[in-house]
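A.B. asks: What follows is the file run14.txt, containing compact mmCIF, C-alpha atoms:
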```txt
# COMPACT_ATOMS: atom_id res chain seq x y z
CA PRO A 98 -53.38 107.32 -323.21
CA LEU A 99 -54.46 103.76 -324.01
CA ALA A 100 -58.12 104.62 -323.47
CA ALA A 101 -59.59 107.61 -325.27
CA GLU A 102 -61.79 110.00 -323.33
CA GLY A 103 -65.41 109.02 -323.86
CA ALA A 104 -64.53 105.52 -325.09
CA ARG A 105 -66.70 102.66 -323.96
CA VAL A 106 -65.64 100.94 -320.77
CA PRO A 107 -63.98 98.54 -320.91
CA LEU A 108 -61.88 99.36 -323.95
CA LEU A 109 -62.14 96.43 -326.39
CA VAL A 110 -58.76 95.42 -327.82
CA LEU A 111 -58.29 92.81 -330.53
CA VAL A 112 -54.80 91.29 -330.82
CA VAL A 113 -54.21 89.43 -334.10
CA ALA A 114 -51.15 87.18 -334.39
CA ALA A 115 -49.95 84.77 -337.03
CA HIS A 116 -48.33 82.23 -334.67
CA PRO A 117 -48.36 81.31 -330.99
CA ASP A 118 -45.78 83.53 -329.23
CA ASP A 119 -46.10 86.44 -331.70
CA GLU A 120 -48.75 87.95 -329.44
CA MET A 121 -46.23 88.11 -326.60
CA ILE A 122 -43.03 88.91 -328.54
CA GLY A 123 -44.67 91.91 -330.20
CA PRO A 124 -47.21 93.63 -327.91
CA GLY A 125 -46.83 91.52 -324.75
CA ALA A 126 -46.06 94.40 -322.38
CA THR A 127 -48.87 96.45 -323.90
CA ILE A 128 -51.27 93.55 -323.36
CA LEU A 129 -50.18 93.37 -319.72
CA GLU A 130 -50.83 97.08 -319.22
CA LEU A 131 -54.17 97.02 -321.05
CA ALA A 132 -55.46 94.05 -319.08
CA ALA A 133 -54.24 95.54 -315.80
CA ASN A 134 -56.11 98.77 -316.58
CA GLY A 135 -59.44 97.05 -317.24
CA ALA A 136 -59.40 96.64 -321.01
CA LEU A 137 -61.14 93.62 -322.52
CA VAL A 138 -58.36 91.94 -324.53
CA ILE A 139 -59.32 89.40 -327.20
CA VAL A 140 -56.50 87.44 -328.87
CA VAL A 141 -56.79 85.67 -332.24
CA ILE A 142 -53.92 83.41 -333.33
CA LEU A 143 -54.38 82.24 -336.91
CA ALA A 144 -51.78 79.48 -337.45
CA ALA A 145 -52.04 77.64 -334.14
CA ASP A 146 -51.90 74.17 -335.67
CA GLN A 147 -49.56 72.60 -333.08
CA ALA A 148 -51.08 71.43 -329.81
CA CYS A 149 -47.98 72.14 -327.74
CA ARG A 150 -47.77 75.73 -328.92
CA ARG A 151 -51.49 76.24 -328.39
CA ARG A 152 -51.09 75.21 -324.75
CA GLU A 153 -48.12 77.54 -324.33
CA SER A 154 -50.03 80.56 -325.66
CA LEU A 155 -53.04 79.81 -323.47
CA GLY A 156 -50.81 79.49 -320.41
CA ALA A 157 -48.80 82.66 -321.08
CA LEU A 158 -51.89 84.74 -321.88
CA ALA A 159 -53.69 83.48 -318.76
CA ALA A 160 -50.65 84.64 -316.77
CA ALA A 161 -51.08 88.02 -318.50
CA ASN A 162 -54.72 88.22 -317.27
CA VAL A 163 -56.22 87.18 -320.62
CA PRO A 164 -58.39 84.14 -319.79
CA HIS A 165 -58.88 81.16 -322.10
CA ASP A 166 -62.35 82.23 -323.23
CA GLN A 167 -60.83 85.43 -324.67
CA VAL A 168 -58.29 83.54 -326.81
CA PHE A 169 -59.26 82.13 -330.22
CA LEU A 170 -56.86 79.62 -331.76
CA MET A 171 -57.36 79.00 -335.48
CA GLU A 172 -55.79 75.95 -337.10
CA LEU A 173 -54.52 77.39 -340.38
CA VAL A 174 -51.14 75.97 -341.36
CA ASP A 175 -48.01 77.64 -340.02
CA GLY A 176 -45.93 79.02 -342.91
CA ARG A 177 -48.79 78.85 -345.42
CA LEU A 178 -51.07 81.75 -344.51
CA THR A 179 -50.42 83.40 -347.88
CA GLU A 180 -52.14 80.43 -349.53
CA HIS A 181 -55.09 80.91 -347.19
CA ARG A 182 -55.44 84.68 -347.55
CA PRO A 183 -59.24 84.51 -348.20
CA ASP A 184 -59.69 82.42 -345.03
CA VAL A 185 -57.58 84.87 -343.01
CA GLU A 186 -59.70 87.80 -344.18
CA ALA A 187 -62.96 85.91 -343.63
CA ILE A 188 -61.99 85.11 -340.03
CA LEU A 189 -61.00 88.72 -339.36
CA ARG A 190 -64.24 90.05 -340.86
CA VAL A 191 -66.23 87.93 -338.41
CA PHE A 192 -64.34 89.42 -335.47
CA ALA A 193 -64.65 92.92 -336.92
CA ALA A 194 -68.41 92.57 -337.30
CA GLU A 195 -69.05 90.87 -333.96
CA LEU A 196 -66.65 92.79 -331.72
CA LYS A 197 -66.27 96.23 -333.35
CA PRO A 198 -62.96 96.70 -331.49
CA ASP A 199 -61.67 100.06 -330.33
CA LEU A 200 -58.05 99.04 -330.93
CA VAL A 201 -56.40 96.39 -333.11
CA LEU A 202 -52.81 95.24 -332.46
CA THR A 203 -51.35 93.17 -335.29
CA HIS A 204 -48.22 92.43 -337.29
CA ALA A 205 -46.20 94.91 -339.27
CA SER A 206 -45.40 93.97 -342.88
CA ASP A 207 -41.99 92.37 -342.38
CA VAL A 208 -40.14 89.76 -344.46
CA HIS A 209 -42.04 86.79 -342.99
CA PRO A 210 -44.83 85.90 -345.46
CA ASP A 211 -47.27 84.89 -342.70
CA HIS A 212 -46.72 88.17 -340.85
CA ARG A 213 -47.12 90.16 -344.04
CA THR A 214 -50.32 88.31 -344.97
CA VAL A 215 -51.87 89.06 -341.57
CA ALA A 216 -50.77 92.71 -341.64
CA ASP A 217 -52.23 93.26 -345.11
CA ALA A 218 -55.47 91.48 -344.20
CA CYS A 219 -55.92 93.63 -341.08
CA ARG A 220 -55.39 96.77 -343.14
CA ARG A 221 -58.10 95.72 -345.58
CA VAL A 222 -60.57 94.59 -342.91
CA PHE A 223 -60.12 97.27 -340.24
CA HIS A 224 -58.90 100.43 -341.98
CA ARG A 225 -62.42 101.79 -342.50
CA GLY A 226 -63.71 100.83 -339.07
CA ALA A 227 -64.04 103.12 -336.10
CA CYS A 228 -60.88 101.78 -334.46
CA SER A 229 -57.16 102.37 -334.20
CA VAL A 230 -54.84 99.86 -335.90
CA LEU A 231 -51.26 99.52 -334.59
CA HIS A 232 -48.64 97.16 -336.04
CA TYR A 233 -45.99 95.51 -333.86
CA ALA A 234 -42.64 94.20 -335.11
CA ILE A 235 -41.23 90.70 -334.63
CA PRO A 236 -37.40 90.38 -334.74
CA GLN A 237 -36.20 88.86 -338.03
CA ALA A 238 -32.85 87.73 -339.41
CA VAL A 239 -33.41 90.10 -342.35
CA PRO A 240 -34.32 93.59 -341.08
CA SER A 241 -37.51 95.19 -342.39
CA ALA A 242 -38.13 98.89 -342.94
CA ILE A 243 -40.71 99.33 -340.18
CA THR A 244 -41.26 102.83 -338.88
CA LYS A 245 -42.40 102.87 -335.26
CA VAL A 246 -44.41 106.06 -335.11
CA ALA A 247 -46.35 105.21 -331.94
CA VAL A 248 -44.98 104.09 -328.58
CA VAL A 249 -46.66 102.71 -325.48
CA ARG A 250 -44.74 103.42 -322.28
CA VAL A 251 -44.55 100.45 -319.93
CA PRO A 252 -43.32 100.32 -316.32
CA GLU A 253 -40.02 98.60 -315.67
CA ALA A 254 -41.76 95.82 -313.77
CA THR A 255 -44.02 95.13 -316.75
CA ALA A 256 -41.08 95.04 -319.16
CA HIS A 257 -39.23 92.53 -316.98
CA ARG A 258 -42.36 90.45 -316.45
CA LYS A 259 -42.78 90.09 -320.22
CA VAL A 260 -39.15 89.18 -320.83
CA ASP A 261 -38.31 87.15 -317.71
CA GLU A 262 -41.62 85.47 -316.85
CA LEU A 263 -43.91 85.21 -319.88
CA LEU A 264 -41.67 84.70 -322.91
CA PRO A 265 -39.94 81.66 -321.30
CA LEU A 266 -43.38 79.97 -321.14
CA TYR A 267 -43.19 79.46 -324.90
CA GLU A 268 -40.86 76.51 -324.45
CA THR A 269 -41.21 75.07 -327.97
CA GLU A 270 -39.88 78.17 -329.70
CA CYS A 271 -37.30 78.80 -326.97
CA ARG A 272 -35.79 75.42 -327.81
CA ARG A 273 -36.24 75.65 -331.57
CA ALA A 274 -34.99 79.22 -332.07
CA PRO A 275 -33.15 80.38 -328.94
CA ASP A 276 -31.82 83.54 -330.63
CA TYR A 277 -35.37 84.83 -331.07
CA SER A 278 -36.13 84.13 -327.40
CA ASP A 279 -33.00 85.85 -326.14
CA ARG A 280 -33.59 88.02 -323.07
CA GLU A 281 -31.16 90.74 -324.17
CA LEU A 282 -32.82 90.96 -327.60
CA HIS A 283 -36.26 91.74 -326.20
CA LEU A 284 -35.18 93.88 -323.27
CA GLY A 285 -32.94 95.86 -325.64
CA ASP A 286 -35.88 96.46 -327.99
CA LEU A 287 -38.00 97.69 -325.10
CA ARG A 288 -35.14 99.96 -324.01
CA ALA A 289 -34.65 101.39 -327.52
CA ASN A 290 -38.35 102.15 -327.79
CA GLY A 291 -38.18 103.72 -324.34
CA ILE A 292 -35.59 106.21 -325.56
CA ALA A 293 -38.01 107.28 -328.32
CA ALA A 294 -40.80 107.54 -325.73
CA GLY A 295 -38.76 109.55 -323.24
CA THR A 296 -38.93 106.78 -320.65
CA ARG A 297 -36.97 103.65 -319.79
CA TYR A 298 -39.10 100.99 -321.49
CA ALA A 299 -41.76 101.08 -324.19
CA GLU A 300 -43.18 99.08 -327.07
CA GLY A 301 -43.20 100.62 -330.54
CA PHE A 302 -45.79 100.33 -333.31
CA ASP A 303 -46.36 101.35 -336.89
CA VAL A 304 -49.80 102.86 -337.46
CA THR A 305 -52.48 102.28 -340.09
CA ALA A 306 -55.18 104.34 -338.41
CA VAL A 307 -55.75 106.22 -335.18
CA ARG A 308 -59.38 106.82 -334.38
CA LEU A 309 -60.85 108.08 -331.11
CA THR A 310 -64.08 106.47 -329.99
CA ALA A 311 -65.22 109.82 -328.59
CA CYS A 312 -64.80 111.60 -331.94
CA PRO A 313 -68.27 112.29 -333.44
CA CYS A 314 -66.94 111.76 -336.96
CA CYS A 315 -64.47 108.85 -337.01
CA GLY A 316 -65.54 107.20 -333.78
CA GLN A 317 -69.33 107.57 -333.78
CA ARG A 318 -69.77 107.96 -337.56
CA ARG A 319 -71.87 111.13 -337.23
CA PHE A 320 -71.30 113.66 -340.00
CA GLU A 321 -73.04 116.75 -338.70
CA PHE A 322 -72.00 119.15 -341.45
CA LEU A 323 -72.86 116.70 -344.25
CA ASP A 324 -76.20 115.66 -342.73
CA VAL A 325 -77.36 119.11 -341.62
CA THR A 326 -80.77 120.33 -342.79
CA ARG A 327 -80.33 123.00 -345.47
CA THR A 328 -81.43 126.51 -344.57
CA ALA A 329 -81.68 129.69 -346.57
CA TRP A 330 -78.78 132.14 -346.23
CA VAL A 331 -78.06 135.67 -347.37
CA SER A 332 -74.67 137.11 -348.28
CA THR A 333 -73.68 140.69 -349.07
CA LEU A 334 -71.31 140.76 -352.03
CA CYS A 335 -68.43 143.03 -351.12
CA GLY A 336 -67.87 145.94 -353.50
CA ARG A 337 -70.82 145.10 -355.73
CA ASN A 338 -73.66 146.80 -353.86
CA ALA A 339 -75.58 143.53 -354.16
CA VAL A 340 -77.07 140.79 -352.00
CA GLN A 341 -77.04 137.07 -352.83
CA ILE A 342 -79.97 135.03 -351.47
CA THR A 343 -79.64 131.24 -351.47
CA PRO A 344 -82.92 129.42 -350.67
CA ALA A 345 -82.97 126.23 -348.64
CA GLU A 346 -84.14 124.25 -351.66
CA PRO A 347 -83.79 125.13 -355.36
CA ARG A 348 -86.97 126.69 -356.78
CA PRO A 349 -87.95 128.85 -359.74
CA VAL A 350 -88.11 132.63 -359.17
CA ASP A 351 -90.82 134.79 -360.76
CA LEU A 352 -88.80 137.93 -361.46
CA GLN A 353 -91.84 139.92 -362.64
CA ALA A 354 -93.74 139.28 -359.41
CA LEU A 355 -90.61 140.03 -357.38
CA ALA A 356 -90.06 143.29 -359.26
CA ALA A 357 -93.62 144.32 -358.52
CA THR A 358 -93.23 143.46 -354.83
CA LEU A 359 -89.97 145.40 -354.49
CA GLY A 360 -90.99 148.26 -356.74
CA ALA A 361 -87.97 147.44 -358.88
CA GLU A 362 -87.19 147.75 -362.55
CA LEU A 363 -86.77 144.51 -364.49
CA LEU A 364 -83.79 144.67 -366.89
CA GLY A 365 -83.45 141.36 -368.74
CA GLY A 366 -82.63 138.81 -366.04
CA TRP A 367 -81.76 141.51 -363.45
CA LEU A 368 -83.65 143.62 -360.98
CA ARG A 369 -82.62 147.21 -360.32
CA VAL A 370 -84.06 148.59 -357.10
```
Let's see the structure in the file written out as structure tokens.

C.D. replies:
Amino acid sequence: PLAAEGARVPLLVLVVAAHPDDEMIGPGATILELAANGALVIVVILAADQACRRRESLGALAAANVPHDQVFLMELVDGRLTEHRPDVEAILRVFAAELKPDLVLTHASDVHPDHRTVADACRRVFHRGACSVLHYAIPQAVPSAITKVAVVRVPEATAHRKVDELLPLYETECRRAPDYSDRELHLGDLRANGIAAGTRYAEGFDVTAVRLTACPCCGQRRFEFLDVTRTAWVSTLCGRNAVQITPAEPRPVDLQALAATLGAELLGGWLRV
């Protein structure tokens, strides 16, 4: 399920993309389903330095029920995110601290240096937080060894809405790189993931961390067994006719006084009752 039992309502999802259109090419159908099911979806696009592409992302995301005030467009330079790695991490740390997301959707480490920079930055920033981190793949001319170990099933109508209605809104990239905007490419990827998910269509993700908000340990950061108040306990040692007593706090033991109390014989550092 997209929302863990006991998670806050609405589920807070942070989508991190390198470029305008990555957020739709990768997890677009998942975003549609999350938004339709009441999740609060926040999108951060780091290299949105072209005005035309900024408008296209805002329009497509609004059509996916992610309003403009939930989309943050940074103006780092497309193709040069590796040079701005400290800035990428600094931006992500602000969102991590302010939002404390339940789920992060971001790039997988593929051959594109911008994608890889964002993926690595998200791992460093979010891997110790109380959230799940899933990595989506973007089609590349050179295949990358990305293992999709998690799948999100999407209805057929959602799959077709992503491919037929939303992706064409990114007109700049559709003209510049038509192969990467090809309908059959994206519908085929959804279909292949669907086979792995036991359904018709799905989106696939690599996973850095899966954490349930309802989990006392990883979600709520409560460590009951580590923080428990120490108490004294007694254990019978099998086969030794002896009892081991462990006090709640370490303290010196007056063996002479104890021997007198128990009517025992003191033999060196031992009591014989």

A.B. asks: Separation of atom CA of Glu120 of chain A and atom CA of Gly301 of chain A, in Å?

C.D. replies: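 Atom-to-atom, atom CA of Glu120 of chain A and atom CA of Gly301 of chain A are spaced 13.9 Å apart.
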
A.B. asks: Kindly list the centre and edge lengths in Å, rounded to one decimal, for the axis-aligned box that covers all listed atoms of segment 274-281 of chain A plus 8 Å on each of its six sides, as AutoDock Vina command-line options.

C.D. replies:
```
--center_x -33.6 --center_y 85.0 --center_z -327.6 --size_x 21.0 --size_y 27.5 --size_z 25.0
```

A.B. asks: Residues of segment 263-314 of chain A that have any atom at most 7 Å from an atom of segment 145-158 of chain A: could you tabulate them with the shortest-distance atom pair and the distance in Å to one decimal, using only C-alpha atoms, ordered by chain and increasing number, as a tab-separated table?

C.D. replies:
```
residue	atom	partner	partner_atom	distance
A:Leu263	CA	A:Ala157	CA	5.6
A:Leu266	CA	A:Ala157	CA	6.1
A:Tyr267	CA	A:Glu153	CA	5.3
A:Thr269	CA	A:Arg150	CA	6.7
```

A.B. asks: Quick check, in Å to one decimal: how far apart do atom CA of Val260 of chain A and atom CA of Arg280 of chain A lie?

C.D. replies: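 Atom-to-atom, atom CA of Val260 of chain A to atom CA of Arg280 of chain A, that is 6.1 Å.
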
A.B. asks: A:Leu334, A:Phe322, A:Met121, A:Glu281: which is nearest Val163 of chain A, counting all atoms listed in the file?

C.D. replies: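 Going through A:Leu334, A:Phe322, A:Met121, A:Glu281 one by one, the smallest distance to Val163 of chain A is for A:Met121.
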
A.B. asks: Need the shell around segment 205-215 of chain A: protein/DNA/RNA residues with any atom at most 10 Å away, counting all atoms listed in the file. Skip same-chain ones fewer than 2 positions apart. Format as a PyMOL selection string?

C.D. replies: chain A and resi 113-116+119+123+143-144+174-182+185-186+189+202-203+217-221+231-245+302-305

A.B. asks: What's the separation between atom CA of Asp118 of chain A and atom CA of Pro275 of chain A, in Å to one decimal place?

C.D. replies: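 About the pair atom CA of Asp118 of chain A and atom CA of Pro275 of chain A: they are 13.0 Å apart.
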
A.B. asks: Counting all atoms listed in the file, which residue out of A:Ala356, A:Val249, A:Leu111, A:Arg319 sits closest to Phe223 of chain A?

C.D. replies: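 Once distances to Phe223 of chain A are computed over all atoms listed in the file, the minimum belongs to A:Leu111.
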
A.B. asks: Please rebuild segment 270-295 of chain A with N, CA and C atoms and return the result as a PDB file, keeping the file's coordinate frame.

C.D. replies:
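Writing done, so here's rebuild.pdb:
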```pdb
ATOM      1  N   GLU A 270     -40.666  77.244-328.891  1.00  0.00           N
ATOM      2  CA  GLU A 270     -39.880  78.170-329.700  1.00  0.00           C
ATOM      3  C   GLU A 270     -38.568  78.536-329.009  1.00  0.00           C
ATOM      4  N   CYS A 271     -38.562  78.535-327.689  1.00  0.00           N
ATOM      5  CA  CYS A 271     -37.300  78.800-326.970  1.00  0.00           C
ATOM      6  C   CYS A 271     -36.257  77.738-327.291  1.00  0.00           C
ATOM      7  N   ARG A 272     -36.725  76.491-327.443  1.00  0.00           N
ATOM      8  CA  ARG A 272     -35.790  75.420-327.810  1.00  0.00           C
ATOM      9  C   ARG A 272     -35.445  75.450-329.291  1.00  0.00           C
ATOM     10  N   ARG A 273     -36.448  75.723-330.125  1.00  0.00           N
ATOM     11  CA  ARG A 273     -36.240  75.650-331.570  1.00  0.00           C
ATOM     12  C   ARG A 273     -35.407  76.817-332.090  1.00  0.00           C
ATOM     13  N   ALA A 274     -35.674  78.016-331.573  1.00  0.00           N
ATOM     14  CA  ALA A 274     -34.990  79.220-332.070  1.00  0.00           C
ATOM     15  C   ALA A 274     -34.561  80.073-330.880  1.00  0.00           C
ATOM     16  N   PRO A 275     -33.535  79.670-330.165  1.00  0.00           N
ATOM     17  CA  PRO A 275     -33.150  80.380-328.940  1.00  0.00           C
ATOM     18  C   PRO A 275     -32.736  81.835-329.185  1.00  0.00           C
ATOM     19  N   ASP A 276     -32.208  82.147-330.358  1.00  0.00           N
ATOM     20  CA  ASP A 276     -31.820  83.540-330.630  1.00  0.00           C
ATOM     21  C   ASP A 276     -33.016  84.473-330.584  1.00  0.00           C
ATOM     22  N   TYR A 277     -34.176  83.988-331.041  1.00  0.00           N
ATOM     23  CA  TYR A 277     -35.370  84.830-331.070  1.00  0.00           C
ATOM     24  C   TYR A 277     -36.035  84.921-329.692  1.00  0.00           C
ATOM     25  N   SER A 278     -35.591  84.097-328.757  1.00  0.00           N
ATOM     26  CA  SER A 278     -36.130  84.130-327.400  1.00  0.00           C
ATOM     27  C   SER A 278     -35.145  84.766-326.430  1.00  0.00           C
ATOM     28  N   ASP A 279     -34.085  85.329-326.966  1.00  0.00           N
ATOM     29  CA  ASP A 279     -33.000  85.850-326.140  1.00  0.00           C
ATOM     30  C   ASP A 279     -33.468  87.030-325.283  1.00  0.00           C
ATOM     31  N   ARG A 280     -33.161  86.969-324.010  1.00  0.00           N
ATOM     32  CA  ARG A 280     -33.590  88.020-323.070  1.00  0.00           C
ATOM     33  C   ARG A 280     -33.054  89.383-323.476  1.00  0.00           C
ATOM     34  N   GLU A 281     -31.768  89.454-323.825  1.00  0.00           N
ATOM     35  CA  GLU A 281     -31.160  90.740-324.170  1.00  0.00           C
ATOM     36  C   GLU A 281     -31.789  91.342-325.426  1.00  0.00           C
ATOM     37  N   LEU A 282     -32.173  90.482-326.378  1.00  0.00           N
ATOM     38  CA  LEU A 282     -32.820  90.960-327.600  1.00  0.00           C
ATOM     39  C   LEU A 282     -34.090  91.734-327.275  1.00  0.00           C
ATOM     40  N   HIS A 283     -34.950  91.139-326.465  1.00  0.00           N
ATOM     41  CA  HIS A 283     -36.260  91.740-326.200  1.00  0.00           C
ATOM     42  C   HIS A 283     -36.172  92.896-325.211  1.00  0.00           C
ATOM     43  N   LEU A 284     -35.321  92.768-324.207  1.00  0.00           N
ATOM     44  CA  LEU A 284     -35.180  93.880-323.270  1.00  0.00           C
ATOM     45  C   LEU A 284     -34.514  95.067-323.966  1.00  0.00           C
ATOM     46  N   GLY A 285     -33.579  94.785-324.881  1.00  0.00           N
ATOM     47  CA  GLY A 285     -32.940  95.860-325.640  1.00  0.00           C
ATOM     48  C   GLY A 285     -33.930  96.586-326.536  1.00  0.00           C
ATOM     49  N   ASP A 286     -34.855  95.834-327.144  1.00  0.00           N
ATOM     50  CA  ASP A 286     -35.880  96.460-327.990  1.00  0.00           C
ATOM     51  C   ASP A 286     -36.791  97.361-327.154  1.00  0.00           C
ATOM     52  N   LEU A 287     -37.191  96.872-325.995  1.00  0.00           N
ATOM     53  CA  LEU A 287     -38.000  97.690-325.100  1.00  0.00           C
ATOM     54  C   LEU A 287     -37.253  98.951-324.660  1.00  0.00           C
ATOM     55  N   ARG A 288     -35.951  98.806-324.424  1.00  0.00           N
ATOM     56  CA  ARG A 288     -35.140  99.960-324.010  1.00  0.00           C
ATOM     57  C   ARG A 288     -35.003 100.968-325.137  1.00  0.00           C
ATOM     58  N   ALA A 289     -34.781 100.483-326.376  1.00  0.00           N
ATOM     59  CA  ALA A 289     -34.650 101.390-327.520  1.00  0.00           C
ATOM     60  C   ALA A 289     -35.946 102.156-327.764  1.00  0.00           C
ATOM     61  N   ASN A 290     -37.071 101.467-327.653  1.00  0.00           N
ATOM     62  CA  ASN A 290     -38.350 102.150-327.790  1.00  0.00           C
ATOM     63  C   ASN A 290     -38.570 103.150-326.658  1.00  0.00           C
ATOM     64  N   GLY A 291     -38.057 102.802-325.482  1.00  0.00           N
ATOM     65  CA  GLY A 291     -38.180 103.720-324.340  1.00  0.00           C
ATOM     66  C   GLY A 291     -37.462 105.031-324.581  1.00  0.00           C
ATOM     67  N   ILE A 292     -36.307 104.973-325.241  1.00  0.00           N
ATOM     68  CA  ILE A 292     -35.590 106.210-325.560  1.00  0.00           C
ATOM     69  C   ILE A 292     -36.465 107.107-326.432  1.00  0.00           C
ATOM     70  N   ALA A 293     -37.119 106.508-327.438  1.00  0.00           N
ATOM     71  CA  ALA A 293     -38.010 107.280-328.320  1.00  0.00           C
ATOM     72  C   ALA A 293     -39.206 107.836-327.558  1.00  0.00           C
ATOM     73  N   ALA A 294     -39.619 107.117-326.497  1.00  0.00           N
ATOM     74  CA  ALA A 294     -40.800 107.540-325.730  1.00  0.00           C
ATOM     75  C   ALA A 294     -40.456 108.459-324.576  1.00  0.00           C
ATOM     76  N   GLY A 295     -39.160 108.714-324.354  1.00  0.00           N
ATOM     77  CA  GLY A 295     -38.760 109.550-323.240  1.00  0.00           C
ATOM     78  C   GLY A 295     -38.934 108.866-321.898  1.00  0.00           C
TER      79      GLY A 295
END
```
